[in-house]
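K.L.:
mmCIF, C-alpha atoms, file final-v2.cif:
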data_start
loop_
_atom_site.group_PDB
_atom_site.id
_atom_site.type_symbol
_atom_site.label_atom_id
_atom_site.label_comp_id
_atom_site.auth_asym_id
_atom_site.auth_seq_id
_atom_site.Cartn_x
_atom_site.Cartn_y
_atom_site.Cartn_z
ATOM 1 C CA MET A 239 80.515 115.635 64.604
ATOM 2 C CA PHE A 240 83.083 118.032 66.036
ATOM 3 C CA PRO A 241 85.918 116.133 67.802
ATOM 4 C CA LEU A 242 87.726 118.380 70.295
ATOM 5 C CA GLY A 243 90.552 118.198 72.811
ATOM 6 C CA MET A 244 88.066 118.861 75.620
ATOM 7 C CA VAL A 245 84.914 117.332 77.079
ATOM 8 C CA LEU A 246 81.567 119.085 76.684
ATOM 9 C CA PHE A 247 78.855 118.435 79.280
ATOM 10 C CA PRO A 248 75.107 119.004 78.994
ATOM 11 C CA GLY A 249 74.306 122.550 80.083
ATOM 12 C CA GLN A 250 77.831 123.796 79.397
ATOM 13 C CA ILE A 251 78.471 126.708 77.015
ATOM 14 C CA LEU A 252 80.927 125.934 74.217
ATOM 15 C CA PRO A 253 82.471 128.874 72.324
ATOM 16 C CA LEU A 254 84.128 127.890 69.041
ATOM 17 C CA HIS A 255 86.441 129.675 66.638
ATOM 18 C CA VAL A 256 85.996 127.722 63.405
ATOM 19 C CA PHE A 257 88.713 128.114 60.782
ATOM 20 C CA GLU A 258 89.179 124.708 59.106
ATOM 21 C CA PRO A 259 87.262 124.532 55.803
ATOM 22 C CA ARG A 260 85.547 121.260 56.727
ATOM 23 C CA TYR A 261 84.196 122.685 59.986
ATOM 24 C CA ARG A 262 83.146 125.895 58.265
ATOM 25 C CA GLN A 263 80.993 123.626 56.095
ATOM 26 C CA LEU A 264 79.696 121.830 59.201
ATOM 27 C CA VAL A 265 78.573 125.154 60.708
ATOM 28 C CA GLN A 266 76.834 126.180 57.494
ATOM 29 C CA ASP A 267 75.048 122.822 57.257
ATOM 30 C CA CYS A 268 73.983 122.967 60.922
ATOM 31 C CA LEU A 269 72.604 126.490 60.507
ATOM 32 C CA ALA A 270 70.645 125.333 57.464
ATOM 33 C CA GLY A 271 69.218 122.433 59.504
ATOM 34 C CA ASP A 272 68.467 121.857 63.191
ATOM 35 C CA ARG A 273 71.556 123.779 64.443
ATOM 36 C CA GLU A 274 72.823 120.671 66.261
ATOM 37 C CA PHE A 275 76.114 118.755 66.124
ATOM 38 C CA GLY A 276 77.889 116.170 68.259
ATOM 39 C CA VAL A 277 81.040 116.784 70.303
ATOM 40 C CA VAL A 278 83.410 114.009 71.370
ATOM 41 C CA LEU A 279 86.812 114.021 73.035
ATOM 42 C CA ILE A 280 89.915 113.310 70.969
ATOM 43 C CA GLU A 281 91.761 110.706 73.054
ATOM 44 C CA ARG A 282 94.860 110.786 70.847
ATOM 45 C CA GLY A 283 95.777 113.010 67.951
ATOM 46 C CA SER A 284 95.035 116.591 66.975
ATOM 47 C CA GLU A 285 91.948 118.728 66.494
ATOM 48 C CA VAL A 286 93.390 119.941 63.202
ATOM 49 C CA GLY A 287 93.849 117.730 60.190
ATOM 50 C CA GLY A 288 92.178 114.499 61.276
ATOM 51 C CA ASP A 289 93.851 111.115 61.994
ATOM 52 C CA ASP A 290 92.638 111.258 65.584
ATOM 53 C CA VAL A 291 91.276 108.641 67.992
ATOM 54 C CA ARG A 292 87.873 109.653 69.352
ATOM 55 C CA THR A 293 85.714 108.591 72.261
ATOM 56 C CA ASP A 294 82.299 107.087 71.611
ATOM 57 C CA ILE A 295 80.447 108.904 74.397
ATOM 58 C CA GLY A 296 79.896 112.580 73.720
ATOM 59 C CA THR A 297 77.415 115.412 73.930
ATOM 60 C CA MET A 298 74.982 116.893 71.451
ATOM 61 C CA ALA A 299 75.390 120.654 71.125
ATOM 62 C CA ARG A 300 73.061 123.303 69.746
ATOM 63 C CA ILE A 301 74.254 126.499 68.092
ATOM 64 C CA LEU A 302 72.929 129.546 69.939
ATOM 65 C CA GLU A 303 74.677 132.241 67.912
ATOM 66 C CA ALA A 304 76.966 132.178 64.901
ATOM 67 C CA GLU A 305 78.760 134.954 63.042
ATOM 68 C CA GLU A 306 80.731 134.538 59.842
ATOM 69 C CA LEU A 307 83.824 136.733 59.666
ATOM 70 C CA PRO A 308 84.900 138.461 56.427
ATOM 71 C CA ASP A 309 87.603 135.833 55.775
ATOM 72 C CA GLY A 310 85.162 132.917 56.096
ATOM 73 C CA ARG A 311 85.962 131.912 59.669
ATOM 74 C CA TRP A 312 83.075 131.486 62.110
ATOM 75 C CA VAL A 313 82.629 132.549 65.720
ATOM 76 C CA VAL A 314 80.073 130.237 67.281
ATOM 77 C CA ALA A 315 78.396 130.043 70.695
ATOM 78 C CA SER A 316 76.780 126.684 71.437
ATOM 79 C CA VAL A 317 75.502 124.745 74.438
ATOM 80 C CA GLY A 318 75.553 121.063 75.377
ATOM 81 C CA ILE A 319 72.012 119.656 75.388
ATOM 82 C CA GLY A 320 72.367 115.926 76.094
ATOM 83 C CA ARG A 321 74.662 112.917 75.995
ATOM 84 C CA ILE A 322 75.076 110.763 72.907
ATOM 85 C CA ASP A 323 76.478 107.311 72.222
ATOM 86 C CA VAL A 324 78.326 106.981 68.904
ATOM 87 C CA GLU A 325 77.359 103.646 67.357
ATOM 88 C CA GLN A 326 79.326 103.991 64.135
ATOM 89 C CA TRP A 327 81.784 106.447 62.639
ATOM 90 C CA LEU A 328 81.190 107.312 58.983
ATOM 91 C CA PRO A 329 83.777 108.598 56.492
ATOM 92 C CA ASP A 330 85.100 112.078 57.342
ATOM 93 C CA ASP A 331 83.659 113.559 54.155
ATOM 94 C CA PRO A 332 83.108 116.482 54.050
ATOM 95 C CA TYR A 333 83.635 116.531 57.847
ATOM 96 C CA PRO A 334 83.497 113.961 60.708
ATOM 97 C CA ARG A 335 80.115 112.215 60.773
ATOM 98 C CA ALA A 336 78.658 109.423 62.849
ATOM 99 C CA VAL A 337 75.555 107.429 63.639
ATOM 100 C CA ALA A 338 74.732 108.387 67.229
ATOM 101 C CA THR A 339 71.823 107.898 69.603
ATOM 102 C CA SER A 340 70.669 109.892 72.595
ATOM 103 C CA TRP A 341 72.082 108.447 75.838
ATOM 104 C CA PRO A 342 70.269 109.922 78.830
ATOM 105 C CA ASP A 343 71.319 109.265 82.414
ATOM 106 C CA ARG A 344 69.786 106.196 84.015
ATOM 107 C CA PRO A 345 67.520 107.096 86.945
ATOM 108 C CA PRO A 346 69.401 107.316 90.266
ATOM 109 C CA ASP A 347 68.873 104.408 92.647
ATOM 110 C CA ARG A 348 69.319 106.554 95.781
ATOM 111 C CA ASP A 349 68.906 110.066 97.094
ATOM 112 C CA LEU A 350 71.484 112.406 95.567
ATOM 113 C CA ASP A 351 71.425 115.260 98.086
ATOM 114 C CA GLU A 352 74.294 113.979 100.255
ATOM 115 C CA PRO A 353 76.755 113.062 97.477
ATOM 116 C CA TYR A 354 75.890 116.285 95.642
ATOM 117 C CA THR A 355 76.543 118.410 98.718
ATOM 118 C CA GLU A 356 79.854 116.607 99.264
ATOM 119 C CA SER A 357 80.945 116.977 95.644
ATOM 120 C CA VAL A 358 80.096 120.696 95.621
ATOM 121 C CA SER A 359 82.088 121.228 98.822
ATOM 122 C CA LEU A 360 85.098 119.412 97.349
ATOM 123 C CA LEU A 361 84.796 121.332 94.084
ATOM 124 C CA ARG A 362 84.843 124.659 95.919
ATOM 125 C CA ARG A 363 87.880 123.540 97.949
ATOM 126 C CA ALA A 364 89.758 122.449 94.814
ATOM 127 C CA LEU A 365 88.967 125.710 93.023
ATOM 128 C CA ALA A 366 90.087 127.734 96.059
ATOM 129 C CA LEU A 367 93.391 125.818 96.197
ATOM 130 C CA ARG A 368 93.967 126.408 92.482
ATOM 131 C CA SER A 369 93.381 130.109 93.083
ATOM 132 C CA GLU A 370 95.854 130.113 96.010
ATOM 133 C CA LEU A 371 98.425 128.586 93.678
ATOM 134 C CA GLY A 372 97.868 131.479 91.283
ATOM 135 C CA GLU A 373 96.350 129.267 88.597
ATOM 136 C CA SER A 374 93.532 130.481 86.401
ATOM 137 C CA THR A 375 90.219 129.068 87.548
ATOM 138 C CA VAL A 376 86.558 129.904 87.965
ATOM 139 C CA PRO A 377 85.726 131.459 91.350
ATOM 140 C CA SER A 378 85.123 128.967 94.151
ATOM 141 C CA THR A 379 81.857 130.821 94.811
ATOM 142 C CA VAL A 380 80.477 129.958 91.361
ATOM 143 C CA GLU A 381 76.735 129.280 91.354
ATOM 144 C CA LEU A 382 75.645 125.703 90.741
ATOM 145 C CA ALA A 383 72.278 124.133 90.014
ATOM 146 C CA ASP A 384 69.996 123.241 92.914
ATOM 147 C CA ASP A 385 69.009 120.010 91.167
ATOM 148 C CA PRO A 386 71.624 117.299 91.884
ATOM 149 C CA GLU A 387 71.184 115.575 88.507
ATOM 150 C CA LEU A 388 71.858 118.742 86.504
ATOM 151 C CA GLY A 389 74.357 119.817 89.144
ATOM 152 C CA SER A 390 76.369 116.633 88.620
ATOM 153 C CA PHE A 391 77.183 117.899 85.126
ATOM 154 C CA HIS A 392 78.047 121.361 86.501
ATOM 155 C CA VAL A 393 80.482 119.826 89.007
ATOM 156 C CA ALA A 394 82.016 117.671 86.279
ATOM 157 C CA ALA A 395 82.420 120.614 83.915
ATOM 158 C CA LEU A 396 84.021 122.892 86.531
ATOM 159 C CA ALA A 397 86.230 120.308 88.248
ATOM 160 C CA PRO A 398 89.940 121.085 87.714
ATOM 161 C CA LEU A 399 90.629 117.696 86.133
ATOM 162 C CA GLY A 400 92.251 116.486 82.951
ATOM 163 C CA PRO A 401 90.148 115.621 79.894
ATOM 164 C CA LEU A 402 90.377 111.844 80.403
ATOM 165 C CA ASP A 403 89.035 112.136 83.966
ATOM 166 C CA GLN A 404 86.314 114.468 82.716
ATOM 167 C CA GLN A 405 85.454 111.892 80.064
ATOM 168 C CA ARG A 406 85.042 109.302 82.830
ATOM 169 C CA LEU A 407 82.552 111.649 84.491
ATOM 170 C CA LEU A 408 80.637 112.187 81.240
ATOM 171 C CA ALA A 409 80.487 108.434 80.605
ATOM 172 C CA ALA A 410 79.194 107.561 84.089
ATOM 173 C CA PRO A 411 75.861 105.758 83.666
ATOM 174 C CA GLY A 412 73.930 108.160 85.869
ATOM 175 C CA ALA A 413 74.127 111.125 88.224
ATOM 176 C CA ASP A 414 74.631 108.896 91.280
ATOM 177 C CA ARG A 415 77.766 107.294 89.858
ATOM 178 C CA ARG A 416 78.943 110.627 88.410
ATOM 179 C CA LEU A 417 78.791 112.235 91.848
ATOM 180 C CA GLU A 418 80.561 109.277 93.505
ATOM 181 C CA LEU A 419 83.320 109.475 90.911
ATOM 182 C CA ALA A 420 83.533 113.268 91.264
ATOM 183 C CA VAL A 421 84.076 112.880 95.007
ATOM 184 C CA GLU A 422 86.878 110.351 94.380
ATOM 185 C CA LEU A 423 88.614 112.434 91.712
ATOM 186 C CA LEU A 424 88.265 115.753 93.539
ATOM 187 C CA THR A 425 89.582 114.239 96.775
ATOM 188 C CA GLU A 426 92.678 113.043 94.892
ATOM 189 C CA GLU A 427 93.098 116.429 93.208
ATOM 190 C CA ILE A 428 92.798 118.284 96.523
ATOM 191 C CA ASP A 429 95.549 116.068 97.985
ATOM 192 C CA VAL A 430 97.827 116.985 95.055
ATOM 193 C CA LEU A 431 96.999 120.692 95.253
ATOM 194 C CA THR A 432 97.529 120.738 99.044
ATOM 195 C CA GLN A 433 100.971 119.144 98.657
ATOM 196 C CA ARG A 434 101.920 121.646 95.940
ATOM 197 C CA LEU A 435 100.816 124.517 98.157
ATOM 198 C CA ALA A 436 102.857 123.143 101.077
ATOM 199 C CA LEU A 437 105.955 122.980 98.882
ATOM 200 C CA GLY A 438 105.517 126.629 97.989
#
Kindly present the structure from the file in structure tokens form.

P.N.:
Amino acid sequence: MFPLGMVLFPGQILPLHVFEPRYRQLVQDCLAGDREFGVVLIERGSEVGGDDVRTDIGTMARILEAEELPDGRWVVASVGIGRIDVEQWLPDDPYPRAVATSWPDRPPDRDLDEPYTESVSLLRRALALRSELGESTVPSTVELADDPELGSFHVAALAPLGPLDQQRLLAAPGADRRLELAVELLTEEIDVLTQRLALG
């Protein structure tokens, strides 16, 4: 397991600069095995040194590329491949470990086209406002998936929200609820960004 100060969503690329000895070992062990590791959000605490409080819903990641630097650090490119539910944390020896199971989205109970279209529109508006404020952001014209279920993760990953709100999106039981929640959170964020823009 690799606890981080950010949320990883399925389909999202995760670049890592690995310098702690325990995570160097994790990378080596993953490369010798199935190249997969779990990522969870640190709710409280630090990425370095341990003694953190972690969420129990996370994402399994797969290493795409890894390069060991001369001093032993690693540069890693990985991608989120699916949600996991941590059932039990094990001792952090030699690095954080857990018993986790795959936690796929439940099937949607309604058509997702309308909430997906709305959430994408709100996302583009929020990103445009961030850009107007001079804040670093992805372009509001960023391409998103045509499929609403996969797209719900794209919206969640790109939404200019804090990590705890993003964790709420990751932990939504299915794409229908994720899109509903994205609409709520993005609407609130747009209100805040609009007020900031008005104040100059």

K.L.:
Counting all atoms listed in the file, which residues of segment 296-392 of chain A fall within 9 Å of segment 404-410 of chain A, and what is the closest atom pair for each with its distance in Å at one decimal, ordered by chain and rising number, as CSV?

P.N.:
residue,atom,partner,partner_atom,distance
A:Gly296,CA,A:Leu408,CA,7.6
A:Thr297,CA,A:Leu408,CA,8.6
A:Arg321,CA,A:Leu408,CA,8.0
A:Asp343,CA,A:Ala410,CA,8.2
A:Ser390,CA,A:Leu407,CA,9.0
A:Phe391,CA,A:Leu408,CA,7.7

K.L.:
Show which residues sit within 7 Å of segment 378-380 of chain A, as a list of chain:residue names. Count all atoms listed in the file, and ignore same-chain residues fewer than 2 positions away.

P.N.:
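Surrounding residues, per the criterion: A:Arg362, A:Leu365, A:Ala366, A:Val376, A:Leu382.
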
K.L.:
Using all atoms listed in the file, give me every residue within 9 Å of (75.6, 105.8, 87.3) in file coordinates, as a PyMOL selection string.

P.N.:
chain A and resi 343-347+409-418

K.L.:
So, with only C-alpha atoms as the atoms that count, which of A:Asp323, A:Glu381, A:Asp330, A:Glu426 lies closest to Arg260 of chain A?

P.N.:
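Among A:Asp323, A:Glu381, A:Asp330, A:Glu426, it is A:Asp330 that comes nearest to Arg260 of chain A.
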
K.L.:
Residues of segment 322-408 of chain A that have any atom at most 12 Å from an atom of segment 275-281 of chain A: could you tabulate them with the shortest-distance atom pair and the distance in Å to one decimal, using only C-alpha atoms, ordered by chain and increasing number, as CSV?

P.N.:
residue,atom,partner,partner_atom,distance
A:Ile322,CA,A:Gly276,CA,7.7
A:Asp323,CA,A:Val278,CA,9.7
A:Val324,CA,A:Val278,CA,9.0
A:Trp327,CA,A:Val278,CA,11.7
A:Tyr333,CA,A:Phe275,CA,11.4
A:Pro334,CA,A:Gly276,CA,9.7
A:Arg335,CA,A:Gly276,CA,8.8
A:Ala336,CA,A:Gly276,CA,8.7
A:Val337,CA,A:Gly276,CA,10.2
A:Ala338,CA,A:Gly276,CA,8.5
A:Thr339,CA,A:Gly276,CA,10.3
A:Ser340,CA,A:Gly276,CA,10.5
A:Gly400,CA,A:Glu281,CA,11.5
A:Pro401,CA,A:Leu279,CA,7.8
A:Leu402,CA,A:Glu281,CA,7.6
A:Asp403,CA,A:Leu279,CA,11.3
A:Gln404,CA,A:Leu279,CA,9.7
A:Gln405,CA,A:Leu279,CA,7.5
A:Arg406,CA,A:Leu279,CA,11.0
A:Leu408,CA,A:Val278,CA,10.4

K.L.:
For the structure provided, state which residues fall under the PyMOL selection byres ((chain A and resi 265) around 12), and present them as a count of residues only.

P.N.:
41

K.L.:
One decimal, Å: what's the distance from atom CA of Asp309 of chain A over to atom CA of Pro241 of chain A, could you say?

P.N.:
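Distance between the two atoms: 23.1 Å.
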
K.L.:
Spell out the residues picked by the PyMOL selection byres ((chain A and resi 375) around 10) here, as a PyMOL selection string.

P.N.:
chain A and resi 364-369+372-374+376-378+396-398

K.L.:
For Leu371 of chain A, which residue among A:Val245, A:Leu437, A:Leu423, A:Leu350 is the nearest when counting all atoms listed in the file?

P.N.:
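Checking each of A:Val245, A:Leu437, A:Leu423, A:Leu350 against Leu371 of chain A, counting all atoms listed in the file, the winner is A:Leu437.
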
K.L.:
How many Å lie between atom CA of Glu422 of chain A and atom CA of Arg282 of chain A, rounded to one decimal?

P.N.:
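Atom-to-atom, atom CA of Glu422 of chain A to atom CA of Arg282 of chain A, that is 24.9 Å.
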
K.L.:
Suppose you want the space between atom CA of Val393 of chain A and atom CA of Val421 of chain A; what is it in Å?

P.N.:
9.9 Å

K.L.:
Take every atom of segment 360-374 of chain A listed in the file, fit an axis-aligned box around them, add 3 Å per side, and give the centre and edge lengths in Å to one decimal as AutoDock Vina command-line options.

P.N.:
--center_x 91.6 --center_y 125.4 --center_z 92.2 --size_x 19.6 --size_y 18.1 --size_z 17.5
